[in-house]
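**Student:** Contents of protein.cif (mmCIF, C-alpha atoms):
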```
data_protein
#
loop_
_atom_site.label_atom_id
_atom_site.label_comp_id
_atom_site.auth_asym_id
_atom_site.auth_seq_id
_atom_site.Cartn_x
_atom_site.Cartn_y
_atom_site.Cartn_z
CA MET A 1 17.25 5.98 11.30
CA ILE A 2 14.91 3.05 11.97
CA SER A 3 16.29 -0.45 11.45
CA PRO A 4 14.06 -3.33 10.31
CA ILE A 5 13.29 -6.25 12.55
CA THR A 6 14.27 -9.69 11.24
CA ASP A 7 11.95 -11.78 9.09
CA SER A 8 11.44 -14.27 11.90
CA GLU A 9 10.58 -11.58 14.44
CA PHE A 10 8.31 -9.82 11.95
CA LEU A 11 6.46 -13.08 11.33
CA ARG A 12 6.14 -13.80 15.03
CA ARG A 13 4.61 -10.42 15.75
CA HIS A 14 2.47 -9.74 12.69
CA SER A 15 1.93 -12.66 10.32
CA SER A 16 -1.31 -13.83 11.98
CA TYR A 17 -3.22 -10.93 10.45
CA LEU A 18 -1.22 -10.14 7.29
CA SER A 19 -2.07 -11.43 3.81
CA ASN A 20 0.07 -11.07 0.69
CA VAL A 21 -1.68 -8.90 -1.89
CA LYS A 22 -2.29 -10.72 -5.17
CA PRO A 23 -2.63 -8.56 -8.33
CA GLY A 24 -3.78 -10.35 -11.47
CA LEU A 25 -5.17 -13.36 -9.62
CA PRO A 26 -7.55 -15.27 -11.92
CA PRO A 27 -11.00 -16.18 -10.59
CA CYS A 28 -11.42 -19.69 -9.24
CA GLY A 29 -14.83 -21.19 -8.52
CA ASP A 30 -16.76 -18.72 -6.37
CA ARG A 31 -13.67 -16.64 -5.61
CA PRO A 32 -13.36 -13.48 -7.76
CA GLY A 33 -10.11 -12.60 -9.46
CA THR A 34 -8.21 -9.38 -8.83
CA CYS A 35 -7.22 -6.30 -10.82
CA SER A 36 -3.89 -6.80 -12.54
CA THR A 37 -2.69 -3.41 -11.26
CA CYS A 38 -4.20 -2.69 -7.83
CA ALA A 39 -5.42 -6.17 -6.77
CA MET A 40 -9.04 -5.15 -6.21
CA PRO A 41 -11.32 -8.20 -6.26
CA LEU A 42 -13.53 -8.05 -9.34
CA LEU A 43 -15.48 -9.94 -11.95
CA PRO A 44 -14.91 -10.45 -14.81
CA HIS A 45 -12.39 -7.86 -16.06
CA ALA A 46 -8.62 -7.96 -15.75
CA ALA A 47 -8.50 -4.34 -14.55
CA CYS A 48 -10.79 -2.33 -12.28
CA SER A 49 -12.67 0.73 -13.51
CA GLN A 50 -10.30 3.19 -11.78
CA CYS A 51 -7.14 1.66 -13.26
CA ARG A 52 -8.76 1.42 -16.70
CA LYS A 53 -9.84 5.06 -16.48
CA VAL A 54 -6.35 6.23 -15.54
CA ARG A 55 -4.79 4.13 -18.29
CA GLU A 56 -7.20 5.49 -20.89
CA ALA A 57 -6.48 9.07 -19.75
CA ALA A 58 -2.75 8.44 -20.01
CA VAL A 59 -3.10 7.02 -23.51
CA ALA A 60 -5.23 10.01 -24.59
CA GLN A 61 -2.55 12.40 -23.31
CA GLY A 62 0.29 10.40 -24.83
CA VAL A 63 1.93 9.77 -21.45
CA PRO A 64 2.70 6.53 -19.59
CA PHE A 65 0.66 5.14 -16.72
CA PRO A 66 1.86 7.21 -13.72
CA ILE A 67 3.19 4.27 -11.67
CA ASP A 68 5.86 1.95 -13.08
CA CYS A 69 5.90 -0.68 -10.32
CA ILE A 70 3.70 -1.09 -7.29
CA ALA A 71 4.02 -3.09 -4.08
CA PHE A 72 1.55 -3.70 -1.25
CA LEU A 73 2.46 -5.16 2.13
CA THR A 74 -0.95 -6.61 3.04
CA TYR A 75 -4.66 -6.71 2.45
CA ALA A 76 -6.65 -4.96 5.18
CA VAL A 77 -10.40 -5.43 5.73
CA VAL A 78 -12.34 -2.27 6.54
CA GLY A 79 -14.33 -2.46 9.77
CA PRO A 80 -13.83 -2.84 13.52
CA ALA A 81 -11.46 -5.51 14.72
CA LEU A 82 -13.44 -8.63 15.58
CA ALA A 83 -11.90 -8.89 19.01
CA THR A 84 -14.10 -5.96 20.05
CA ARG A 85 -17.33 -7.75 19.07
CA SER A 86 -19.59 -10.25 20.80
CA ALA A 87 -18.98 -14.00 20.65
CA PRO A 88 -21.95 -14.69 18.26
CA THR A 89 -20.67 -12.00 15.90
CA LEU A 90 -17.19 -13.49 16.01
CA VAL A 91 -18.57 -16.83 14.87
CA ALA A 92 -20.83 -15.31 12.22
CA GLU A 93 -18.04 -13.21 10.75
CA ALA A 94 -15.08 -15.54 11.16
CA HIS A 95 -14.37 -15.23 7.43
CA VAL A 96 -13.33 -11.58 7.86
CA ASP A 97 -11.18 -12.11 10.94
CA LYS A 98 -7.94 -12.03 8.99
CA GLY A 99 -7.46 -8.50 7.82
CA ARG A 100 -9.52 -6.61 10.42
CA GLU A 101 -6.54 -6.22 12.72
CA ALA A 102 -4.44 -5.02 9.78
CA TYR A 103 -7.04 -2.33 9.17
CA ALA A 104 -7.01 -1.47 12.88
CA VAL A 105 -3.28 -0.76 12.60
CA LEU A 106 -3.75 1.48 9.56
CA SER A 107 -6.64 3.41 11.10
CA GLY A 108 -5.22 3.54 14.63
CA TYR A 109 -1.54 4.40 14.23
CA LYS A 110 -2.44 8.04 13.48
CA ALA A 111 -4.09 8.56 16.88
CA THR A 112 -2.89 11.63 18.73
CA GLU A 113 -1.93 9.54 21.75
CA GLN A 114 1.41 8.35 20.39
CA PRO A 115 3.17 6.10 20.84
CA ASN A 116 0.57 3.36 21.02
CA ARG A 117 0.56 -0.29 20.01
CA ARG A 118 -0.86 0.54 16.57
CA TRP A 119 1.91 3.07 16.09
CA SER A 120 4.53 0.49 17.08
CA ALA A 121 3.07 -2.00 14.61
CA ALA A 122 3.04 0.60 11.81
CA VAL A 123 6.70 1.41 12.49
CA HIS A 124 7.58 -2.30 12.29
CA TRP A 125 5.56 -2.66 9.08
CA ALA A 126 7.14 0.31 7.33
CA ALA A 127 10.70 -0.41 8.41
CA TRP A 128 10.51 -4.08 7.45
CA PHE A 129 8.63 -3.47 4.19
CA LEU A 130 10.65 -0.50 2.91
CA LEU A 131 14.07 -1.78 3.92
CA ARG A 132 13.36 -5.41 2.99
CA TRP A 133 11.76 -4.81 -0.42
CA GLY A 134 12.10 -1.20 -1.52
CA PRO A 135 12.55 0.93 -3.37
CA TRP A 136 13.12 -1.28 -6.43
CA ARG A 137 12.91 -4.96 -7.15
CA GLU A 138 16.71 -4.99 -7.38
CA TRP A 139 16.98 -3.86 -3.77
CA PRO A 140 19.40 -3.89 -1.99
CA ALA A 141 21.65 -3.66 -5.05
CA ARG A 142 20.15 -0.22 -5.79
CA GLN A 143 20.23 0.95 -2.19
CA HIS A 144 23.02 3.48 -2.74
CA ASP A 145 21.98 4.62 -6.22
CA PRO A 146 22.06 8.44 -6.00
CA ALA A 147 19.23 8.79 -8.54
CA TRP A 148 16.40 7.70 -6.26
CA ARG A 149 14.58 9.70 -3.62
CA TRP A 150 11.35 9.30 -1.69
CA ALA A 151 8.01 11.04 -1.18
CA THR A 152 4.84 10.46 0.79
CA VAL A 153 1.35 11.30 -0.44
CA PRO A 154 0.19 14.51 1.30
CA SER A 155 -2.89 14.27 3.47
CA LEU A 156 -5.98 16.03 2.16
CA HIS A 157 -7.56 16.23 5.61
CA THR A 158 -7.40 19.92 6.46
CA SER A 159 -8.22 19.20 10.12
CA ARG A 160 -4.89 17.45 10.70
CA ARG A 161 -2.20 19.64 12.21
CA GLY A 162 1.52 19.09 12.26
CA GLU A 163 3.58 16.39 10.57
CA HIS A 164 1.65 13.41 9.26
CA PRO A 165 2.51 10.21 11.17
CA LEU A 166 3.37 8.35 7.96
CA HIS A 167 5.85 11.08 7.04
CA GLN A 168 7.39 10.82 10.51
CA ILE A 169 7.94 7.09 10.05
CA VAL A 170 9.22 7.15 6.46
CA SER A 171 11.57 10.06 7.10
CA ALA A 172 13.09 8.06 9.97
CA VAL A 173 13.41 4.94 7.80
CA PHE A 174 15.04 6.85 4.95
CA ALA A 175 16.93 9.38 7.07
CA ASP A 176 19.94 9.38 4.74
CA ARG A 177 17.98 9.76 1.49
CA PRO A 178 16.70 12.97 -0.19
CA GLU A 179 12.98 13.69 -0.06
CA VAL A 180 10.69 14.99 -2.79
CA LEU A 181 8.01 17.36 -1.51
CA LEU A 182 4.50 17.16 -2.91
CA ASP A 183 1.82 19.72 -2.16
CA ALA A 184 -1.93 19.85 -2.66
CA PRO A 185 -2.75 23.53 -3.28
CA LYS A 186 -6.43 22.90 -4.02
CA PRO A 187 -8.97 21.34 -1.64
CA ALA A 188 -10.29 18.01 -2.89
CA SER A 189 -12.46 15.15 -1.80
CA GLY A 190 -13.73 11.91 -3.27
CA ARG A 191 -11.92 9.03 -4.92
CA GLU A 192 -11.38 10.33 -8.43
CA PHE A 193 -8.03 10.46 -10.22
CA ARG A 194 -6.98 14.09 -10.67
CA PRO A 195 -3.60 14.55 -12.38
CA ASP A 196 -3.57 18.24 -11.35
CA LEU A 197 -4.34 17.60 -7.67
CA PHE A 198 -0.72 17.72 -6.48
CA VAL A 199 2.28 19.81 -7.50
CA CYS A 200 5.98 19.10 -7.19
CA GLU A 201 8.79 21.61 -7.65
CA GLY A 202 12.54 21.33 -7.79
CA LEU A 203 12.76 17.71 -8.88
CA PRO A 204 16.18 16.95 -10.42
CA GLN A 205 16.31 15.73 -13.99
CA GLU A 206 15.86 11.98 -14.43
CA ALA A 207 14.96 11.50 -10.79
CA GLN A 208 13.55 8.15 -9.71
CA VAL A 209 11.02 8.43 -6.91
CA LEU A 210 9.69 5.95 -4.38
CA LEU A 211 6.18 7.07 -3.42
CA VAL A 212 4.91 5.78 -0.05
CA GLU A 213 1.32 5.70 1.20
CA ASP A 214 -0.31 3.94 4.12
CA SER A 215 -3.51 2.74 2.42
CA TRP A 216 -5.11 2.29 -0.98
CA THR A 217 -8.88 2.18 -1.47
CA SER A 218 -9.44 3.46 -5.00
CA GLY A 219 -5.83 4.57 -5.38
CA ALA A 220 -6.92 8.02 -6.58
CA ASN A 221 -4.54 10.00 -4.37
CA VAL A 222 -1.54 7.74 -4.99
CA LEU A 223 -2.12 7.82 -8.75
CA SER A 224 -2.65 11.59 -8.71
CA ALA A 225 0.58 12.08 -6.74
CA ALA A 226 2.48 9.81 -9.13
CA ALA A 227 1.14 11.81 -12.08
CA ALA A 228 2.47 15.00 -10.47
CA LEU A 229 5.90 13.43 -10.07
CA LYS A 230 5.95 12.31 -13.71
CA ARG A 231 4.80 15.78 -14.79
CA ALA A 232 7.67 17.30 -12.78
CA GLY A 233 10.18 15.15 -14.67
CA ALA A 234 10.54 11.88 -12.77
CA ILE A 235 11.59 9.15 -15.17
CA ARG A 236 10.34 6.43 -12.85
CA VAL A 237 7.86 6.26 -9.98
CA ASN A 238 7.52 3.14 -7.89
CA ALA A 239 4.83 3.02 -5.22
CA MET A 240 4.82 1.14 -1.93
CA ILE A 241 1.56 0.97 0.03
CA LEU A 242 1.22 -0.64 3.45
CA GLY A 243 -2.41 -1.73 3.11
CA ARG A 244 -4.63 -2.57 0.14
CA LEU A 245 -8.05 -1.95 1.71
CA LEU A 246 -11.01 -4.24 1.06
CA ASN A 247 -14.50 -3.16 2.07
CA PRO A 248 -16.86 -6.17 2.06
CA ALA A 249 -19.80 -3.98 3.14
CA GLU A 250 -19.55 -1.74 0.07
CA TRP A 251 -18.15 -4.01 -2.64
CA GLY A 252 -19.68 -7.45 -3.28
CA PRO A 253 -16.62 -8.95 -5.02
CA SER A 254 -14.48 -8.07 -1.98
CA ARG A 255 -16.92 -9.91 0.28
CA GLU A 256 -16.91 -12.94 -2.04
CA PHE A 257 -13.11 -12.83 -2.30
CA ILE A 258 -12.77 -12.88 1.50
CA GLU A 259 -15.47 -15.49 2.09
CA ASN A 260 -13.95 -17.84 -0.48
CA GLY A 261 -10.44 -17.83 0.92
CA GLY A 262 -8.74 -14.95 -0.89
CA LEU A 263 -6.90 -13.86 2.25
CA ARG A 264 -5.93 -17.38 3.23
CA LEU A 265 -4.45 -18.60 -0.05
CA ASP A 266 -1.24 -20.50 0.51
CA PHE A 267 1.63 -20.71 -1.92
CA GLY A 268 1.47 -24.28 -3.10
CA ASP A 269 3.13 -26.02 -0.17
CA GLY A 270 0.29 -25.84 2.38
CA LYS A 271 2.65 -24.43 4.99
CA ARG A 272 2.51 -20.69 4.40
CA PRO A 273 -1.13 -19.63 4.46
CA GLY A 274 -1.87 -15.98 3.96
CA PHE A 275 1.51 -14.29 4.33
CA ASP A 276 4.93 -15.29 3.08
CA PRO A 277 7.74 -12.75 3.68
CA ARG A 278 9.79 -14.30 0.85
CA ARG A 279 7.16 -13.54 -1.78
CA SER A 280 8.14 -10.40 -3.69
CA PRO A 281 5.38 -7.78 -3.50
CA TRP A 282 6.52 -5.96 -6.64
CA ALA A 283 4.29 -5.99 -9.69
CA THR A 284 5.19 -4.24 -12.92
CA VAL A 285 2.41 -2.01 -14.18
CA LYS A 286 2.13 -2.32 -17.94
#
```
For the structure just supplied, provide its representation as structure tokens.
**Tutor:**
Amino acid sequence: MISPITDSEFLRRHSSYLSNVKPGLPPCGDRPGTCSTCAMPLLPHAACSQCRKVREAAVAQGVPFPIDCIAFLTYAVVGPALATRSAPTLVAEAHVDKGREAYAVLSGYKATEQPNRRWSAAVHWAAWFLLRWGPWREWPARQHDPAWRWATVPSLHTSRRGEHPLHQIVSAVFADRPEVLLDAPKPASGREFRPDLFVCEGLPQEAQVLLVEDSWTSGANVLSAAAALKRAGAIRVNAMILGRLLNPAEWGPSREFIENGGLRLDFGDGKRPGFDPRRSPWATVK
């Protein structure tokens, strides 16, 4: 079983490139607000198109939104880490510096040459995040509740062989807890919510499941996996995602959010810019 590092050690090693994710942030000046569910930067709605679509589908089917509570560790900015670029580029793109290294961890920890420094960072992230804040907001009071179990979102990349690195990490973090197995029997691609994409068998009645994923772009796979768990009988699904990805090259509001300080927001005291380990990541999805 993996043990978490202390808050102070976690901050020393990782806080320079982590940023608390902020769902439901109202717009301010030139900075866009964020989706109340998944924290995507957007204007002017309170929910992004994907979350609205899933909510509308749930209402039409007479079922609840598939995720009850959601937590993200950090924003991560899609693209190469700036340290690998030229000096002029570093200056020109200084506004995206924070978050690129976080993305480098999420994209690099799955390299076949393990262990590597990205792998080590991902292990620290998952152990600290899951054991510090999960699986429920009442943690650690619920730590020994026999009702909860964990699952990871299966990879849809058919080229990957063997155990997924995220599953390796989470199974070591939660070595003493029962796992729920999800499967994707049909090939799929794209970023669309598909409630029939995954299947889950043998889930005990009234199970409560913590669903873990490494990254969220549109959230389609996480939401589809949560829907499968609810369909199998889970009474509660909480999701914990290491990185909420932002792609400034593809989504204008993400670029505006980053450029106007969305990753560097402090918490009112001017001393904790960007990442505060005491700030609860849990957001109730209504």
**Student:** Contacts of Val180 (chain A) at 10 Å or less, counting all atoms listed in the file, minus same-chain residues fewer than 5 places along, as a list in words?
**Tutor:**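 After dropping sequence-adjacent residues, the list is Trp148, Arg149, Trp150, Ala151, Thr152, Cys200, Glu201, Gly202, Leu203, Pro204, Ala207, Val209, Leu210, Leu211 and Leu229 of chain A.
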**Student:** Suppose we keep C-alpha atoms; can you now write the selection as a PDB file, keeping the file's coordinate frame?
**Tutor:**
```pdb
ATOM      1  CA  TRP A 148      16.400   7.700  -6.260  1.00  0.00           C
ATOM      2  CA  ARG A 149      14.580   9.700  -3.620  1.00  0.00           C
ATOM      3  CA  TRP A 150      11.350   9.300  -1.690  1.00  0.00           C
ATOM      4  CA  ALA A 151       8.010  11.040  -1.180  1.00  0.00           C
ATOM      5  CA  THR A 152       4.840  10.460   0.790  1.00  0.00           C
ATOM      6  CA  CYS A 200       5.980  19.100  -7.190  1.00  0.00           C
ATOM      7  CA  GLU A 201       8.790  21.610  -7.650  1.00  0.00           C
ATOM      8  CA  GLY A 202      12.540  21.330  -7.790  1.00  0.00           C
ATOM      9  CA  LEU A 203      12.760  17.710  -8.880  1.00  0.00           C
ATOM     10  CA  PRO A 204      16.180  16.950 -10.420  1.00  0.00           C
ATOM     11  CA  ALA A 207      14.960  11.500 -10.790  1.00  0.00           C
ATOM     12  CA  VAL A 209      11.020   8.430  -6.910  1.00  0.00           C
ATOM     13  CA  LEU A 210       9.690   5.950  -4.380  1.00  0.00           C
ATOM     14  CA  LEU A 211       6.180   7.070  -3.420  1.00  0.00           C
ATOM     15  CA  LEU A 229       5.900  13.430 -10.070  1.00  0.00           C
TER      16      LEU A 229
END
```
**Student:** Which protein, DNA or RNA residues have an atom at most 6 Å from (-1.8, 3.3, -17.5), counting only C-alpha atoms? List them as a PyMOL selection string.
**Tutor:** chain A and resi 54-55+58+64-65
**Student:** Name the residues within 12 Å of (-2.1, -12.9, 11.7), counting all atoms listed in the file in the file's coordinates, and put them as a list in words.
**Tutor:**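 Selection result: Phe10, Leu11, Arg12, Arg13, His14, Ser15, Ser16, Tyr17, Leu18, Ser19, Asn20, Thr74, Tyr75, Ala76, Val96, Asp97, Lys98, Gly99, Arg100, Glu101, Ala102, Tyr103, Leu263, Arg264, Arg272, Pro273, Gly274, Phe275 and Asp276 of chain A.
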**Student:** When you draw a straight line from CA of Phe129 (chain A) to CA of Pro281 (chain A), how long is it in Å?
**Tutor:**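 CA of Pro281 (chain A) lies 9.4 Å from CA of Phe129 (chain A).
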**Student:** Rank A:Arg177, A:Gln114, A:Thr37, A:Leu246 by their smallest atom-to-atom distance to Cys69 (chain A), using all atoms listed in the file, and report the top residue only.
**Tutor:** A:Thr37
**Student:** Pick out the residues sitting within 10 Å of Ala283 (chain A), and hand them over as an MDAnalysis selection string; count all atoms listed in the file, and ignore anything fewer than 3 positions along from it in its own chain.
**Tutor:** chainID A and resid 22:24 36:38 68:72 137 238 280 286
**Student:** To verify the selection step, state as a ChimeraX atom specification which residues the PyMOL selection byres ((chain A and resi 224) around 10) yields on this input.
**Tutor:** /A:54,66-67,153,192-199,219-223,225-230
**Student:** For the residues selected in the previous step, produce a file with C-alpha atoms as a short mmCIF file (atom, residue, chain, number, x, y, z; two decimals), in the coordinates of the input.
**Tutor:**
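To be explicit, this is the file written out as out_31.cif:
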```
data_model
loop_
_atom_site.label_atom_id
_atom_site.label_comp_id
_atom_site.auth_asym_id
_atom_site.auth_seq_id
_atom_site.Cartn_x
_atom_site.Cartn_y
_atom_site.Cartn_z
CA VAL A 54 -6.35 6.23 -15.54
CA PRO A 66 1.86 7.21 -13.72
CA ILE A 67 3.19 4.27 -11.67
CA VAL A 153 1.35 11.30 -0.44
CA GLU A 192 -11.38 10.33 -8.43
CA PHE A 193 -8.03 10.46 -10.22
CA ARG A 194 -6.98 14.09 -10.67
CA PRO A 195 -3.60 14.55 -12.38
CA ASP A 196 -3.57 18.24 -11.35
CA LEU A 197 -4.34 17.60 -7.67
CA PHE A 198 -0.72 17.72 -6.48
CA VAL A 199 2.28 19.81 -7.50
CA GLY A 219 -5.83 4.57 -5.38
CA ALA A 220 -6.92 8.02 -6.58
CA ASN A 221 -4.54 10.00 -4.37
CA VAL A 222 -1.54 7.74 -4.99
CA LEU A 223 -2.12 7.82 -8.75
CA ALA A 225 0.58 12.08 -6.74
CA ALA A 226 2.48 9.81 -9.13
CA ALA A 227 1.14 11.81 -12.08
CA ALA A 228 2.47 15.00 -10.47
CA LEU A 229 5.90 13.43 -10.07
CA LYS A 230 5.95 12.31 -13.71
#
```
**Student:** Rank nothing, just name the residue among A:Leu156, A:Ile258, A:Ala147, A:Ala232 nearest to Leu181 (chain A), using all atoms listed in the file.
**Tutor:** A:Ala232
**Student:** Provide the CA of Trp119 (chain A) to CA of Arg255 (chain A) distance in Å, to one decimal place.
**Tutor:** 27.8 Å
**Student:** Pick out the closest residue to Arg231 (chain A) from this set: A:Val63, A:Pro41, A:Pro248, A:Gly29. Count only C-alpha atoms.
**Tutor:**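 Distance minimum relative to Arg231 (chain A) lands on A:Val63.
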**Student:** So the first atom is CA of Ser8 (chain A) and the second is CA of Gly262 (chain A); what is the distance between them in Å, to one decimal place?
**Tutor:**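 Calculated distance between CA of Ser8 (chain A) and CA of Gly262 (chain A) is 23.9 Å.
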**Student:** Just checking: using only C-alpha atoms, which residue out of A:Ile169, A:Ala104, A:Ala111, A:Leu265 ends up closest to Leu130 (chain A)?
**Tutor:** A:Ile169
**Student:** For each of A:Val173, A:Cys35, A:Leu42, A:Ala57, take the minimum atom-to-atom distance to Pro135 (chain A), counting all atoms listed in the file, then give the residue where this is smallest.
**Tutor:** A:Val173
**Student:** Go through A:Ala46, A:Leu245, A:Leu106, A:Glu9 one by one, measure the shortest atom-to-atom distance of each to Pro27 (chain A) using all atoms listed in the file, and give the residue with the smallest value.
**Tutor:**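 Closest to Pro27 (chain A), using all atoms listed in the file: A:Ala46.
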**Student:** Tell me which residues the PyMOL selection byres ((chain A and resi 112) around 12) grabs here, as a list in words.
**Tutor:**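 Applying the expression gives Ser107, Gly108, Tyr109, Lys110, Ala111, Glu113, Gln114, Pro115, Asn116, Arg118, Trp119, Arg160, Arg161, Gly162, Glu163, His164 and Pro165 of chain A.
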**Student:** Could you write out as a ChimeraX atom specification the residues that the PyMOL selection byres ((chain A and resi 4) around 12) matches in the shown file?
**Tutor:** /A:1-3,5-10,121-133,172-174
